[in-house]
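A.B. asks: First the structure, then my questions, so here it is.
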Amino acid sequence: MVKIVINTVIKLFYRLSLGAIALLLSFNLWTGNALALQVSDIPDLAEVKSLTEQTWVLDDSDVLSTSTKSAIVSKAEKLAELTGIEVHVVEIRRIDLGQPASEFAAELFDKWFPTEAEKANQVLLFMATEDHRTAIQVGSKVKEILPDTIANSIANETMLYPARNSSYNQSVNEGFARLEAVLKGNPDPGAPLLVVEETETSNYATKEETEASSSNVVVIILLILATLLPMATYYWLQSQS
């Protein structure tokens, strides 16, 4: 009878431990993707205009200052009047971790400008702020002025470097300024010079890496407890019988 009770207690404890772990894992997965946006979540360009009265800046992550937004809107309007090229800046907080920023930007570009003719004179500067990912999409007419090498450098260097330090206003202002210079026919100012080499900055964990590491540690501890506590309970009950 005692052995039956002991075994029942151990099985119950084990199931409770596994249940707690499952809940924790579910919570981690939910919080990790709760704020992730899909392209389908972003309004059509006409809806964006009705909501914000312009289509030049969409700051869903709410990291840009009022002065930055106003400056970009003003510059984008003047650039469109001068060159016929329209530049749209999109900042959101998070996309799915497994989706490249370039893929998300390409899907949004297709959604906003379905045909090649509509894409021709368009530029999309994109950033997912929480994990500092940047991308750029350009139409066929723009590519005649803006080579892929410069376009990719604007996204992956000019914008990305300050974004990694959470300097989002600097990232957008400098990225747009370099893009504007090239689209106006001026020499490319080039990528920013780094004071600290990438190999040095990469030694520091980001906020996201730290949070992920902490979550993994908690899960490992619970797994260990789920294994050891039933055993400890079993031996304690045996000693009491």
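Note on naming: chains are A, B, ... as they come in the structure tokens, residues start from 1 per chain, ligands start from 1 in the order shown.
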I want to know what sits within 12 Å of Thr55 (chain A), based on only C-alpha atoms, with residues of the same chain fewer than 2 positions away left out; could you give that as a ChimeraX atom specification?
C.D. replies: /A:43-53,57-59,69,72-74,76-77,86-90,112,122-124
A.B. asks: Pick out the closest residue to Leu64 (chain A) from this set: A:Thr158, A:Ser167, A:Thr83, A:Ser40. Count only C-alpha atoms.
C.D. replies: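 The answer is A:Ser167, which sits nearest to Leu64 (chain A).
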A.B. asks: Quick one: residues within 10 Å of Asn152 (chain A), only C-alpha atoms, excluding same-chain residues fewer than 4 positions away - as a list of chain:residue names?
C.D. replies: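 Result of the neighbour search: A:Thr134, A:Ala135, A:Ile136, A:Gln137, A:Leu146, A:Pro147, A:Asp148, A:Asn156, A:Glu157, A:Thr158.
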A.B. asks: Go ahead and write the selection's residues with C-alpha atoms as a PDB file, in the first residue's frame.
C.D. replies:
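What landed in part-v2.pdb:
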ATOM      1  CA  THR A 134      17.309  46.968 -41.840  1.00  0.00           C
ATOM      2  CA  ALA A 135      16.463  46.533 -45.517  1.00  0.00           C
ATOM      3  CA  ILE A 136      15.816  48.491 -48.686  1.00  0.00           C
ATOM      4  CA  GLN A 137      13.673  47.901 -51.766  1.00  0.00           C
ATOM      5  CA  LEU A 146      21.015  53.907 -57.388  1.00  0.00           C
ATOM      6  CA  PRO A 147      23.176  50.779 -57.878  1.00  0.00           C
ATOM      7  CA  ASP A 148      22.478  47.756 -55.677  1.00  0.00           C
ATOM      8  CA  ASN A 156      23.317  47.543 -44.024  1.00  0.00           C
ATOM      9  CA  GLU A 157      25.848  50.189 -43.027  1.00  0.00           C
ATOM     10  CA  THR A 158      24.543  53.770 -42.937  1.00  0.00           C
TER      11      THR A 158
END
A.B. asks: Using only C-alpha atoms, which residues sit within 9 Å of Ser140 (chain A) once same-chain residues fewer than 4 positions away are excluded, as a list of chain:residue names?
C.D. replies: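 Answer for this query is A:Glu116, A:Ala117, A:Lys119, A:Ala120, A:Asn121, A:Gln122, A:Glu144.
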A.B. asks: Okay, now the selection with C-alpha atoms, as an mmCIF file, in the first residue's frame?
C.D. replies:
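That gives us out.cif:
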data_model
loop_
_atom_site.group_PDB
_atom_site.id
_atom_site.type_symbol
_atom_site.label_atom_id
_atom_site.label_comp_id
_atom_site.auth_asym_id
_atom_site.auth_seq_id
_atom_site.Cartn_x
_atom_site.Cartn_y
_atom_site.Cartn_z
ATOM 1 C CA GLU A 116 6.324 46.749 -61.938
ATOM 2 C CA ALA A 117 5.097 50.067 -63.291
ATOM 3 C CA LYS A 119 7.250 49.980 -58.262
ATOM 4 C CA ALA A 120 9.451 51.720 -60.846
ATOM 5 C CA ASN A 121 9.948 55.049 -59.037
ATOM 6 C CA GLN A 122 9.557 53.824 -55.474
ATOM 7 C CA GLU A 144 19.286 53.235 -62.974
#
A.B. asks: Considering only C-alpha atoms, can you say which of A:Leu108, A:Leu79, A:Val63, A:Leu179 comes closest to Val39 (chain A)?
C.D. replies: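 Selected residue with least distance to Val39 (chain A): A:Leu108.
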